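Listing of structure-v3.txt; format and content: compact mmCIF, C-alpha atoms (C1' of nucleotides).
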```
# COMPACT_ATOMS: atom_id res chain seq x y z
CA MET A 1 7.12 -31.82 -25.93
CA ASN A 2 3.83 -32.82 -24.35
CA SER A 3 5.32 -35.88 -22.71
CA LYS A 4 5.99 -34.46 -19.31
CA LYS A 5 6.58 -37.17 -16.81
CA ASP A 6 4.49 -37.40 -13.70
CA SER A 7 7.48 -36.80 -11.46
CA GLU A 8 8.11 -33.58 -13.36
CA LYS A 9 4.54 -32.40 -13.04
CA GLN A 10 4.51 -33.16 -9.33
CA VAL A 11 7.50 -31.01 -8.55
CA ILE A 12 5.93 -28.04 -10.32
CA ILE A 13 2.73 -28.45 -8.35
CA ALA A 14 4.67 -28.77 -5.12
CA ALA A 15 6.65 -25.62 -5.83
CA ARG A 16 3.49 -23.66 -6.57
CA GLU A 17 1.73 -24.88 -3.45
CA ASN A 18 4.76 -23.88 -1.48
CA GLY A 19 4.54 -20.33 -2.77
CA ILE A 20 0.83 -20.10 -2.03
CA SER A 21 1.24 -21.38 1.51
CA SER A 22 3.92 -18.85 2.31
CA VAL A 23 1.67 -15.98 1.24
CA LEU A 24 -1.18 -17.26 3.40
CA PHE A 25 1.20 -17.68 6.29
CA ARG A 26 2.49 -14.15 6.01
CA ASN A 27 -1.08 -12.83 5.86
CA ALA A 28 -2.00 -14.74 9.00
CA ILE A 29 0.95 -13.35 10.94
CA GLY A 30 0.28 -9.84 9.67
CA ARG A 31 -3.35 -9.97 10.70
CA LYS A 32 -2.34 -11.23 14.11
CA LEU A 33 -0.04 -8.26 14.61
CA GLY A 34 -2.56 -5.79 13.22
CA LEU A 35 -0.40 -4.96 10.22
CA ASN A 36 -1.50 -4.13 6.72
CA ILE A 37 -0.24 -6.33 3.91
CA THR A 38 2.56 -4.03 2.83
CA ASP A 39 3.98 -3.58 6.32
CA SER A 40 3.72 -7.31 6.88
CA GLU A 41 5.65 -8.07 3.70
CA CYS A 42 8.29 -5.55 4.62
CA LEU A 43 8.81 -7.16 8.01
CA SER A 44 8.94 -10.60 6.49
CA LEU A 45 11.93 -9.56 4.41
CA LEU A 46 13.54 -7.80 7.35
CA SER A 47 13.12 -10.85 9.54
CA ILE A 48 15.18 -12.77 7.01
CA LYS A 49 17.80 -10.15 6.31
CA GLY A 50 17.90 -8.47 9.71
CA ILE A 51 19.13 -5.27 8.11
CA SER A 52 18.14 -3.55 4.90
CA THR A 53 17.74 -0.13 3.31
CA PRO A 54 14.63 1.85 2.33
CA THR A 55 15.54 1.44 -1.32
CA GLU A 56 15.75 -2.33 -1.06
CA LEU A 57 12.53 -2.50 0.93
CA ALA A 58 10.79 -0.32 -1.64
CA HIS A 59 11.95 -2.71 -4.32
CA TYR A 60 10.75 -5.75 -2.41
CA THR A 61 7.36 -4.36 -1.44
CA GLY A 62 6.80 -2.81 -4.85
CA LEU A 63 6.30 0.64 -3.36
CA THR A 64 7.69 3.98 -4.45
CA THR A 65 10.31 5.48 -2.18
CA GLY A 66 7.73 8.02 -1.04
CA SER A 67 5.39 5.33 0.25
CA THR A 68 8.32 3.51 1.74
CA THR A 69 9.18 6.49 3.89
CA ALA A 70 5.60 6.54 5.19
CA MET A 71 5.65 2.79 5.78
CA LEU A 72 8.90 2.99 7.73
CA ASP A 73 7.41 5.82 9.79
CA ARG A 74 4.54 3.53 10.74
CA LEU A 75 6.80 0.60 11.57
CA GLU A 76 9.15 2.79 13.54
CA LYS A 77 6.27 4.26 15.51
CA ALA A 78 5.09 0.72 16.28
CA GLU A 79 8.67 0.00 17.39
CA PHE A 80 9.07 -2.92 15.03
CA ILE A 81 12.04 -1.34 13.26
CA ARG A 82 14.55 1.46 13.77
CA ARG A 83 16.43 3.76 11.43
CA MET A 84 20.21 3.90 11.76
CA PRO A 85 22.68 6.08 9.88
CA ASN A 86 24.43 4.25 7.07
CA PRO A 87 28.15 4.52 7.77
CA LYS A 88 28.99 3.84 4.13
CA ASP A 89 26.65 6.40 2.59
CA ARG A 90 25.63 9.51 4.42
CA ARG A 91 22.62 10.02 2.16
CA GLY A 92 21.05 6.78 3.23
CA VAL A 93 19.85 4.99 6.33
CA LEU A 94 19.91 1.40 7.45
CA ILE A 95 16.72 -0.26 8.62
CA GLU A 96 17.09 -2.74 11.42
CA ILE A 97 14.42 -4.99 12.82
CA ASN A 98 13.76 -4.60 16.54
CA LYS A 99 13.79 -7.24 19.23
CA GLN A 100 10.23 -6.07 19.79
CA TYR A 101 9.20 -7.68 16.51
CA THR A 102 11.17 -10.87 16.93
CA GLU A 103 9.73 -11.40 20.37
CA THR A 104 6.20 -10.63 19.29
CA VAL A 105 6.33 -12.99 16.37
CA GLY A 106 8.38 -15.68 18.07
CA PRO A 107 5.54 -17.51 19.80
CA PHE A 108 3.70 -17.82 16.49
CA ILE A 109 6.55 -19.22 14.46
CA ALA A 110 8.56 -21.22 16.97
CA GLY A 111 6.57 -24.36 16.23
CA LEU A 112 7.07 -23.97 12.50
CA GLN A 113 10.81 -23.44 12.78
CA LYS A 114 11.11 -26.55 14.90
CA ALA A 115 9.04 -28.56 12.46
CA GLN A 116 11.09 -27.36 9.50
CA ASN A 117 14.36 -28.12 11.26
CA GLU A 118 13.16 -31.62 12.05
CA LEU A 119 12.00 -32.09 8.49
CA ILE A 120 15.37 -31.05 7.17
CA ALA A 121 17.20 -33.27 9.65
CA SER A 122 15.27 -36.25 8.32
CA TYR A 123 17.08 -36.10 4.98
CA SER A 124 20.52 -37.40 4.13
CA ASP A 125 23.31 -35.02 3.20
CA LYS A 126 23.10 -36.17 -0.35
CA GLU A 127 19.37 -35.51 -0.50
CA LEU A 128 19.79 -32.09 1.06
CA GLU A 129 22.37 -31.22 -1.54
CA THR A 130 19.97 -32.19 -4.28
CA ILE A 131 17.22 -30.08 -2.77
CA THR A 132 19.48 -27.07 -2.25
CA ASP A 133 20.82 -27.41 -5.74
CA PHE A 134 17.33 -27.49 -7.18
CA LEU A 135 16.09 -24.52 -5.18
CA THR A 136 19.16 -22.48 -6.02
CA ARG A 137 18.93 -23.11 -9.74
CA PHE A 138 15.19 -22.56 -9.67
CA THR A 139 15.71 -19.23 -7.92
CA ASN A 140 18.43 -18.21 -10.35
CA ASN A 141 16.08 -18.78 -13.26
CA VAL A 142 13.46 -16.58 -11.60
CA LYS A 143 16.05 -13.87 -11.00
CA GLU A 144 17.22 -14.00 -14.60
CA CYS A 145 13.68 -13.73 -15.90
CA THR A 146 12.94 -10.84 -13.56
CA LYS A 147 15.84 -8.96 -15.13
CA THR A 148 14.53 -9.48 -18.64
CA VAL A 149 11.09 -8.26 -17.54
CA ILE A 150 12.53 -5.12 -16.03
CA TYR A 151 15.15 -4.49 -18.72
CA PRO A 152 13.77 -5.98 -21.94
CA VAL A 153 16.26 -6.89 -24.64
CA ARG A 154 16.19 -4.01 -27.12
CA MET B 155 20.96 -28.43 19.42
CA ASN B 156 23.31 -25.80 18.05
CA SER B 157 25.08 -28.29 15.79
CA LYS B 158 23.28 -27.62 12.55
CA LYS B 159 25.10 -29.10 9.65
CA ASP B 160 26.13 -26.98 6.72
CA SER B 161 23.89 -28.92 4.36
CA GLU B 162 20.98 -28.13 6.63
CA LYS B 163 21.76 -24.45 6.77
CA GLN B 164 22.13 -24.27 3.01
CA VAL B 165 18.69 -25.64 2.31
CA ILE B 166 17.10 -23.08 4.61
CA ILE B 167 18.93 -20.27 2.87
CA ALA B 168 17.95 -21.61 -0.53
CA ALA B 169 14.28 -21.85 0.46
CA ARG B 170 14.29 -18.28 1.71
CA GLU B 171 15.98 -16.94 -1.40
CA ASN B 172 13.40 -18.75 -3.45
CA GLY B 173 10.59 -16.97 -1.64
CA ILE B 174 12.24 -13.59 -2.05
CA SER B 175 12.83 -14.08 -5.75
CA SER B 176 9.22 -14.99 -6.40
CA VAL B 177 8.00 -11.80 -4.75
CA LEU B 178 10.37 -9.69 -6.83
CA PHE B 179 9.28 -11.52 -9.94
CA ARG B 180 5.61 -10.91 -9.27
CA ASN B 181 6.34 -7.22 -8.66
CA ALA B 182 8.19 -6.94 -11.96
CA ILE B 183 5.32 -8.52 -13.89
CA GLY B 184 2.76 -6.35 -12.10
CA ARG B 185 4.64 -3.18 -12.84
CA LYS B 186 4.94 -4.19 -16.48
CA LEU B 187 1.17 -4.61 -16.73
CA GLY B 188 0.45 -1.41 -14.81
CA LEU B 189 -1.11 -3.26 -11.90
CA ASN B 190 -0.99 -2.39 -8.25
CA ILE B 191 0.47 -4.98 -5.89
CA THR B 192 -2.85 -6.35 -4.72
CA ASP B 193 -4.22 -6.86 -8.21
CA SER B 194 -0.95 -8.42 -9.26
CA GLU B 195 -1.02 -10.89 -6.39
CA CYS B 196 -4.61 -11.78 -7.15
CA LEU B 197 -3.76 -12.55 -10.78
CA SER B 198 -0.75 -14.59 -9.76
CA LEU B 199 -3.00 -16.93 -7.81
CA LEU B 200 -5.57 -17.01 -10.58
CA SER B 201 -2.94 -17.86 -13.14
CA ILE B 202 -2.12 -20.93 -11.08
CA LYS B 203 -5.65 -21.97 -10.23
CA GLY B 204 -7.43 -20.75 -13.37
CA ILE B 205 -10.68 -20.44 -11.42
CA SER B 206 -11.38 -19.17 -7.93
CA THR B 207 -13.96 -17.34 -5.85
CA PRO B 208 -13.97 -13.84 -4.37
CA THR B 209 -13.80 -15.32 -0.90
CA GLU B 210 -10.71 -17.35 -1.69
CA LEU B 211 -9.07 -14.41 -3.43
CA ALA B 212 -9.84 -12.19 -0.44
CA HIS B 213 -8.16 -14.75 1.76
CA TYR B 214 -5.10 -14.96 -0.46
CA THR B 215 -4.64 -11.23 -0.95
CA GLY B 216 -5.40 -10.47 2.69
CA LEU B 217 -8.22 -8.11 1.74
CA THR B 218 -11.70 -7.78 3.18
CA THR B 219 -14.52 -8.94 0.94
CA GLY B 220 -15.45 -5.30 0.37
CA SER B 221 -12.06 -4.47 -1.09
CA THR B 222 -12.12 -7.68 -3.04
CA THR B 223 -15.29 -6.63 -4.82
CA ALA B 224 -13.61 -3.38 -5.81
CA MET B 225 -10.47 -5.19 -6.92
CA LEU B 226 -12.47 -7.60 -9.08
CA ASP B 227 -14.30 -4.63 -10.59
CA ARG B 228 -10.94 -3.19 -11.61
CA LEU B 229 -9.65 -6.45 -13.02
CA GLU B 230 -12.90 -7.11 -14.86
CA LYS B 231 -12.83 -3.63 -16.37
CA ALA B 232 -9.27 -4.28 -17.53
CA GLU B 233 -10.57 -7.55 -19.02
CA PHE B 234 -8.09 -9.67 -17.12
CA ILE B 235 -10.82 -11.68 -15.39
CA ARG B 236 -14.53 -12.36 -15.70
CA ARG B 237 -17.29 -13.15 -13.22
CA MET B 238 -19.37 -16.25 -13.83
CA PRO B 239 -22.34 -17.54 -11.87
CA ASN B 240 -21.46 -20.35 -9.50
CA PRO B 241 -23.66 -23.29 -10.45
CA LYS B 242 -23.22 -24.86 -7.02
CA ASP B 243 -24.07 -21.78 -4.96
CA ARG B 244 -26.36 -19.08 -6.24
CA ARG B 245 -25.06 -16.58 -3.69
CA GLY B 246 -21.57 -16.74 -5.07
CA VAL B 247 -19.67 -16.17 -8.28
CA LEU B 248 -16.72 -17.84 -9.91
CA ILE B 249 -13.76 -15.79 -11.04
CA GLU B 250 -12.04 -16.95 -14.19
CA ILE B 251 -8.87 -15.58 -15.65
CA ASN B 252 -9.17 -14.31 -19.22
CA LYS B 253 -7.14 -15.27 -22.25
CA GLN B 254 -6.37 -11.56 -22.35
CA TYR B 255 -4.20 -11.94 -19.26
CA THR B 256 -2.53 -15.16 -20.28
CA GLU B 257 -1.60 -13.70 -23.64
CA THR B 258 -0.38 -10.44 -22.16
CA VAL B 259 1.80 -12.13 -19.62
CA GLY B 260 2.92 -14.99 -21.84
CA PRO B 261 5.82 -13.24 -23.57
CA PHE B 262 7.29 -12.28 -20.21
CA ILE B 263 7.21 -15.70 -18.64
CA ALA B 264 7.68 -18.05 -21.57
CA GLY B 265 11.45 -18.04 -21.12
CA LEU B 266 11.17 -18.80 -17.45
CA GLN B 267 8.78 -21.69 -17.95
CA LYS B 268 11.11 -23.19 -20.50
CA ALA B 269 14.10 -22.78 -18.21
CA GLN B 270 12.26 -24.35 -15.29
CA ASN B 271 11.11 -27.28 -17.40
CA GLU B 272 14.65 -27.88 -18.57
CA LEU B 273 15.93 -27.62 -15.03
CA ILE B 274 13.43 -30.18 -13.84
CA ALA B 275 14.19 -32.48 -16.74
CA SER B 276 17.84 -32.51 -15.70
CA TYR B 277 17.06 -34.45 -12.53
CA SER B 278 16.47 -38.15 -12.16
CA ASP B 279 13.08 -39.48 -11.14
CA LYS B 280 14.47 -40.38 -7.77
CA GLU B 281 15.82 -36.90 -7.23
CA LEU B 282 12.55 -35.32 -8.33
CA GLU B 283 10.71 -37.46 -5.84
CA THR B 284 13.00 -36.28 -3.08
CA ILE B 285 12.46 -32.66 -4.05
CA THR B 286 8.69 -33.02 -4.32
CA ASP B 287 8.57 -34.85 -1.03
CA PHE B 288 10.54 -32.11 0.66
CA LEU B 289 8.47 -29.28 -0.80
CA THR B 290 5.21 -31.02 0.08
CA ARG B 291 6.19 -31.65 3.68
CA PHE B 292 7.61 -28.17 4.00
CA THR B 293 4.35 -26.71 2.69
CA ASN B 294 2.28 -28.87 5.01
CA ASN B 295 4.21 -27.55 7.98
CA VAL B 296 3.53 -24.00 6.87
CA LYS B 297 -0.16 -24.77 6.45
CA GLU B 298 -0.37 -26.35 9.90
CA CYS B 299 1.32 -23.38 11.51
CA THR B 300 -0.96 -20.98 9.67
CA LYS B 301 -3.92 -22.74 11.24
CA THR B 302 -2.52 -22.38 14.74
CA VAL B 303 -1.89 -18.68 14.11
CA ILE B 304 -5.46 -18.13 12.95
CA TYR B 305 -7.09 -20.44 15.46
CA PRO B 306 -4.84 -20.46 18.52
CA VAL B 307 -5.14 -23.41 20.87
CA ARG B 308 -7.18 -22.06 23.74
C1' DG C 309 -41.93 -27.29 6.05
C1' DT C 310 -40.57 -22.98 8.59
C1' DC C 311 -37.59 -20.37 11.39
C1' DT C 312 -33.09 -19.06 12.52
C1' DT C 313 -28.49 -18.46 11.77
C1' DA C 314 -24.51 -18.40 8.70
C1' DT C 315 -22.27 -17.38 4.33
C1' DA C 316 -21.36 -14.90 -0.33
C1' DA C 317 -21.08 -10.79 -2.54
C1' DT C 318 -21.98 -5.99 -3.00
C1' DC C 319 -22.26 -1.02 -1.79
C1' DA C 320 -21.46 3.63 0.37
C1' DA C 321 -18.94 6.51 3.58
C1' DG C 322 -14.99 7.46 5.93
C1' DA C 323 -10.17 6.28 6.96
C1' DT C 324 -5.78 4.82 5.30
C1' DA C 325 -2.21 4.17 2.15
C1' DC C 326 -0.10 5.19 -2.37
C1' DT C 327 1.77 8.02 -6.34
C1' DT C 328 3.70 11.93 -8.18
C1' DG C 329 6.76 15.61 -8.31
C1' DA C 330 9.69 18.69 -5.81
C1' DT C 331 13.46 19.18 -2.39
C1' DT C 332 17.69 18.25 0.25
C1' DT C 333 21.79 15.94 0.89
C1' DT C 334 25.59 13.37 -0.59
C1' DG C 335 28.06 10.39 -3.81
C1' DA C 336 30.18 9.42 -8.30
C1' DA C 337 31.90 10.65 -12.71
C1' DG C 338 33.93 13.70 -16.06
C1' DC D 339 35.25 21.56 -9.13
C1' DT D 340 31.41 20.98 -11.81
C1' DT D 341 27.71 18.16 -13.25
C1' DC D 342 24.85 14.41 -13.00
C1' DA D 343 22.98 10.50 -10.34
C1' DA D 344 21.14 8.36 -6.20
C1' DA D 345 18.97 8.13 -1.28
C1' DA D 346 15.50 9.66 1.51
C1' DT D 347 11.90 12.81 2.71
C1' DC D 348 7.71 15.72 2.22
C1' DA D 349 3.16 17.65 0.67
C1' DA D 350 -0.84 17.41 -2.31
C1' DG D 351 -3.87 14.77 -4.82
C1' DT D 352 -5.54 10.14 -5.99
C1' DA D 353 -6.43 5.42 -5.26
C1' DT D 354 -7.35 1.79 -2.33
C1' DC D 355 -8.91 -0.25 1.98
C1' DT D 356 -11.94 -0.98 6.10
C1' DT D 357 -16.18 -0.87 8.29
C1' DG D 358 -20.87 -1.66 8.66
C1' DA D 359 -25.17 -2.23 6.37
C1' DT D 360 -27.80 -4.79 2.75
C1' DT D 361 -29.51 -8.49 -0.29
C1' DA D 362 -29.76 -13.14 -1.58
C1' DT D 363 -29.18 -17.79 -0.69
C1' DA D 364 -27.70 -21.84 1.92
C1' DA D 365 -27.59 -24.78 5.93
C1' DG D 366 -29.07 -26.25 10.29
C1' DA D 367 -32.64 -26.46 14.16
C1' DC D 368 -37.01 -27.58 15.46
```

Just give me the structure as structure tokens.
Amino acid sequence: MNSKKDSEKQVIIAARENGISSVLFRNAIGRKLGLNITDSECLSLLSIKGISTPTELAHYTGLTTGSTTAMLDRLEKAEFIRRMPNPKDRRGVLIEINKQYTETVGPFIAGLQKAQNELIASYSDKELETITDFLTRFTNNVKECTKTVIYPVR
Amino acid sequence: MNSKKDSEKQVIIAARENGISSVLFRNAIGRKLGLNITDSECLSLLSIKGISTPTELAHYTGLTTGSTTAMLDRLEKAEFIRRMPNPKDRRGVLIEINKQYTETVGPFIAGLQKAQNELIASYSDKELETITDFLTRFTNNVKECTKTVIYPVR
DNA sequence: GTCTTATAATCAAGATACTTGATTTTGAAG
DNA sequence: CTTCAAAATCAAGTATCTTGATTATAAGAC
């Protein structure tokens, strides 16, 4: 099976480049805000989800829960996030991102969001469905593989 | 401009989920190999590029060159990478990933690579072109924005 | 050519962040 | 209601990171 078509190779390259660019982007934002890499990655997830929990953030950043507590202390002190009681589990807390962060980061990413929206608007519905379908299936494969790495079969 | 179509929203969500899943995947692999997050991220870039330089790896990981030297010392000691003289610049070195790493990581990612290849093969050439086009333009936007974050206009 | 300035990588010292293991609180299961 | 599991925190020890200095080489100015 060495007969991979050019169109197939290209999509793999494009997907990889996409991943690389997003890491470099996150680093640039983090440096701008004076954040270390971990804190920056944490905020990048929070800016997508809006709300999360220390456990989930530990999972995403790859930290232990102990380090996560320290990280959240730093981010709370910097007023980028706040801790809220979790109404569904009195052991836990909810982490919310502050307006402070959104407003600080806004000027840096407004141009990108506009550009991405325009890019997306330039495709037909049918094309967008194809793209979404691809990304979703691609992501599901990654998720499946992650499970088998964490919980090996036998 | 609050009239974003559903197909447009879906592609944004799918792109975000894709980014999240790749971070979690990298973490899982890193943990499996007993690597810290930084070292893991470094190897993930090297496994794509095959060869790099300390400067580029510092840029990608978000580390200073000082920390990068220490990181490369660790990875070299673990025999995951090797330093080679750079024939084009006698100040610098080239970092190559070792077979050791590829073989260690292979069993964990073989299934994923197969799944992704099959996924890609399930699309028509026209569809693949659409997807590649989208990813490339999307990436270019991210790269452009990264530049303006690093080198603000005035 | 030679001088100056910039870049690549390294190193040592000090600061920062991370891991481990224990602890507290609460939830879930038997 | 008893026991075990999960969420978050904390303190001590370890690992990693940043800073600033250093060496070697490259690139540009004159």

Please report as a count of residues only which residues of chain A come no farther than 8 Å from chain B, using only C-alpha atoms.
57

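Taking atom CA of A:Gln100 as the reference point, atom C1' of D:DT347 is found at 25.5 Å.
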
Superposed chain A (ref. Chain B, all C-alpha pairs in order) as a short mmCIF file (atom, residue, chain, number, x, y, z; two decimals) with C-alpha atoms, in the frame of the given file:
```cif
data_model
loop_
_atom_site.label_atom_id
_atom_site.label_comp_id
_atom_site.auth_asym_id
_atom_site.auth_seq_id
_atom_site.Cartn_x
_atom_site.Cartn_y
_atom_site.Cartn_z
CA MET A 1 20.96 -28.18 19.36
CA ASN A 2 23.37 -25.64 17.93
CA SER A 3 25.09 -28.21 15.76
CA LYS A 4 23.26 -27.59 12.55
CA LYS A 5 25.08 -29.09 9.65
CA ASP A 6 26.09 -26.98 6.72
CA SER A 7 23.87 -28.92 4.35
CA GLU A 8 20.94 -28.13 6.63
CA LYS A 9 21.73 -24.44 6.77
CA GLN A 10 22.10 -24.27 3.01
CA VAL A 11 18.67 -25.65 2.30
CA ILE A 12 17.07 -23.07 4.59
CA ILE A 13 18.90 -20.26 2.85
CA ALA A 14 17.92 -21.62 -0.54
CA ALA A 15 14.27 -21.85 0.45
CA ARG A 16 14.27 -18.27 1.71
CA GLU A 17 15.96 -16.93 -1.40
CA ASN A 18 13.40 -18.75 -3.44
CA GLY A 19 10.58 -16.98 -1.65
CA ILE A 20 12.22 -13.58 -2.05
CA SER A 21 12.82 -14.07 -5.76
CA SER A 22 9.22 -14.99 -6.40
CA VAL A 23 8.00 -11.79 -4.76
CA LEU A 24 10.38 -9.68 -6.84
CA PHE A 25 9.28 -11.52 -9.95
CA ARG A 26 5.63 -10.90 -9.27
CA ASN A 27 6.34 -7.21 -8.65
CA ALA A 28 8.19 -6.93 -11.95
CA ILE A 29 5.33 -8.49 -13.90
CA GLY A 30 2.77 -6.35 -12.10
CA ARG A 31 4.66 -3.16 -12.84
CA LYS A 32 4.94 -4.17 -16.46
CA LEU A 33 1.19 -4.59 -16.72
CA GLY A 34 0.47 -1.40 -14.80
CA LEU A 35 -1.10 -3.26 -11.89
CA ASN A 36 -0.96 -2.40 -8.24
CA ILE A 37 0.50 -4.97 -5.88
CA THR A 38 -2.81 -6.37 -4.71
CA ASP A 39 -4.20 -6.87 -8.20
CA SER A 40 -0.92 -8.43 -9.26
CA GLU A 41 -1.00 -10.90 -6.39
CA CYS A 42 -4.58 -11.78 -7.15
CA LEU A 43 -3.75 -12.55 -10.77
CA SER A 44 -0.75 -14.59 -9.77
CA LEU A 45 -3.00 -16.92 -7.81
CA LEU A 46 -5.56 -17.00 -10.59
CA SER A 47 -2.92 -17.85 -13.15
CA ILE A 48 -2.12 -20.93 -11.09
CA LYS A 49 -5.65 -21.97 -10.24
CA GLY A 50 -7.41 -20.73 -13.36
CA ILE A 51 -10.65 -20.42 -11.43
CA SER A 52 -11.36 -19.17 -7.94
CA THR A 53 -13.95 -17.35 -5.86
CA PRO A 54 -13.97 -13.84 -4.36
CA THR A 55 -13.79 -15.34 -0.89
CA GLU A 56 -10.69 -17.36 -1.70
CA LEU A 57 -9.06 -14.41 -3.42
CA ALA A 58 -9.83 -12.20 -0.44
CA HIS A 59 -8.16 -14.76 1.77
CA TYR A 60 -5.10 -14.98 -0.44
CA THR A 61 -4.64 -11.25 -0.93
CA GLY A 62 -5.40 -10.48 2.70
CA LEU A 63 -8.22 -8.12 1.76
CA THR A 64 -11.70 -7.80 3.19
CA THR A 65 -14.50 -8.97 0.95
CA GLY A 66 -15.45 -5.34 0.40
CA SER A 67 -12.05 -4.50 -1.07
CA THR A 68 -12.12 -7.70 -3.03
CA THR A 69 -15.28 -6.65 -4.80
CA ALA A 70 -13.60 -3.37 -5.79
CA MET A 71 -10.46 -5.20 -6.91
CA LEU A 72 -12.45 -7.61 -9.06
CA ASP A 73 -14.28 -4.63 -10.57
CA ARG A 74 -10.93 -3.18 -11.60
CA LEU A 75 -9.65 -6.46 -13.02
CA GLU A 76 -12.88 -7.10 -14.84
CA LYS A 77 -12.82 -3.62 -16.35
CA ALA A 78 -9.25 -4.27 -17.51
CA GLU A 79 -10.56 -7.53 -19.00
CA PHE A 80 -8.08 -9.66 -17.12
CA ILE A 81 -10.80 -11.67 -15.38
CA ARG A 82 -14.52 -12.35 -15.69
CA ARG A 83 -17.26 -13.14 -13.21
CA MET A 84 -19.34 -16.26 -13.82
CA PRO A 85 -22.32 -17.55 -11.86
CA ASN A 86 -21.42 -20.36 -9.49
CA PRO A 87 -23.61 -23.31 -10.44
CA LYS A 88 -23.16 -24.88 -7.01
CA ASP A 89 -24.03 -21.82 -4.94
CA ARG A 90 -26.32 -19.14 -6.22
CA ARG A 91 -25.03 -16.63 -3.68
CA GLY A 92 -21.55 -16.75 -5.07
CA VAL A 93 -19.65 -16.18 -8.28
CA LEU A 94 -16.70 -17.86 -9.90
CA ILE A 95 -13.74 -15.79 -11.03
CA GLU A 96 -12.04 -16.95 -14.17
CA ILE A 97 -8.86 -15.58 -15.66
CA ASN A 98 -9.16 -14.30 -19.22
CA LYS A 99 -7.13 -15.26 -22.25
CA GLN A 100 -6.36 -11.55 -22.35
CA TYR A 101 -4.19 -11.94 -19.26
CA THR A 102 -2.50 -15.15 -20.28
CA GLU A 103 -1.59 -13.70 -23.64
CA THR A 104 -0.36 -10.45 -22.18
CA VAL A 105 1.83 -12.15 -19.64
CA GLY A 106 2.95 -15.00 -21.87
CA PRO A 107 5.83 -13.24 -23.60
CA PHE A 108 7.30 -12.28 -20.23
CA ILE A 109 7.20 -15.71 -18.66
CA ALA A 110 7.68 -18.07 -21.58
CA GLY A 111 11.45 -18.03 -21.13
CA LEU A 112 11.16 -18.80 -17.44
CA GLN A 113 8.77 -21.69 -17.94
CA LYS A 114 11.11 -23.20 -20.50
CA ALA A 115 14.08 -22.77 -18.21
CA GLN A 116 12.25 -24.35 -15.28
CA ASN A 117 11.08 -27.27 -17.39
CA GLU A 118 14.63 -27.88 -18.57
CA LEU A 119 15.91 -27.62 -15.03
CA ILE A 120 13.40 -30.18 -13.85
CA ALA A 121 14.17 -32.50 -16.76
CA SER A 122 17.81 -32.52 -15.71
CA TYR A 123 17.03 -34.46 -12.54
CA SER A 124 16.45 -38.17 -12.16
CA ASP A 125 13.06 -39.51 -11.13
CA LYS A 126 14.44 -40.40 -7.78
CA GLU A 127 15.79 -36.90 -7.24
CA LEU A 128 12.53 -35.34 -8.32
CA GLU A 129 10.67 -37.48 -5.84
CA THR A 130 12.95 -36.30 -3.08
CA ILE A 131 12.43 -32.68 -4.05
CA THR A 132 8.66 -33.04 -4.32
CA ASP A 133 8.55 -34.85 -1.04
CA PHE A 134 10.52 -32.11 0.65
CA LEU A 135 8.45 -29.29 -0.80
CA THR A 136 5.20 -31.01 0.07
CA ARG A 137 6.16 -31.66 3.67
CA PHE A 138 7.60 -28.17 3.98
CA THR A 139 4.34 -26.71 2.68
CA ASN A 140 2.27 -28.88 5.01
CA ASN A 141 4.20 -27.56 7.99
CA VAL A 142 3.52 -23.99 6.87
CA LYS A 143 -0.17 -24.77 6.45
CA GLU A 144 -0.37 -26.34 9.89
CA CYS A 145 1.32 -23.36 11.50
CA THR A 146 -0.97 -20.96 9.66
CA LYS A 147 -3.93 -22.73 11.24
CA THR A 148 -2.53 -22.36 14.74
CA VAL A 149 -1.90 -18.66 14.10
CA ILE A 150 -5.45 -18.11 12.94
CA TYR A 151 -7.11 -20.42 15.47
CA PRO A 152 -4.87 -20.44 18.55
CA VAL A 153 -5.15 -23.40 20.88
CA ARG A 154 -7.37 -22.26 23.74
#
```

Could you please tell me, as a PyMOL selection string, which residues of chain D have an atom within 12 Å of chain B when using all atoms listed in the file?
chain D and resi 353-359+361-365

Selected residue of minimal separation from chain C among B:Val247, B:Leu226, B:Leu211, B:Ala232, counting only C-alpha atoms (C1' of nucleotides):
B:Val247

Which neighbours of D:DT352 fall inside 10 Å, counting all atoms listed in the file, when residues of the same chain fewer than 4 positions from it are skipped, and could you give them as a PyMOL selection string?
chain C and resi 326-328

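Using all atoms listed in the file, the shortest contact distance between chain C and any of A:Val105, A:Glu76, A:Arg82, A:Thr69 is found at A:Thr69.
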
Could you please select, counting only C-alpha atoms (C1' of nucleotides), the residues of chain C within 12 Å of chain A and state them as a PyMOL selection string?
chain C and resi 324-330+332-336

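Between atom C1' of C:DT318 and atom C1' of D:DT360 there is a distance of 8.3 Å.
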
Could you tell me how far atom C1' of C:DT310 lies from atom C1' of D:DC368, in Å and to one decimal?
9.0 Å

Could you list, as a PyMOL selection string, every residue within 10 Å of C:DG338, counting all atoms listed in the file and ignoring same-chain residues fewer than 3 positions away?
chain D and resi 340-342

Taking all atoms of stretch 53-56 of chain A that the file lists, what box with edges along x, y and z, padded by 8 Å per side, do you get, with centre and edge lengths in Å to one decimal, as JSON?
```
{"center_x": 16.2, "center_y": -0.2, "center_z": 1.0, "size_x": 19.1, "size_y": 20.2, "size_z": 20.6}
```

So which residues touch C:DC311 within 10 Å, counting all atoms listed in the file, skipping near sequence neighbours fewer than 2 positions away, as a tab-separated table (two decimals) with C-alpha atoms (C1' of nucleotides), in the frame of the given file?
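What ended up in around-v4.tsv:
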```
chain	number	residue	atom	x	y	z
C	309	DG	C1'	-41.93	-27.29	6.05
C	313	DT	C1'	-28.49	-18.46	11.77
D	367	DA	C1'	-32.64	-26.46	14.16
D	368	DC	C1'	-37.01	-27.58	15.46
```
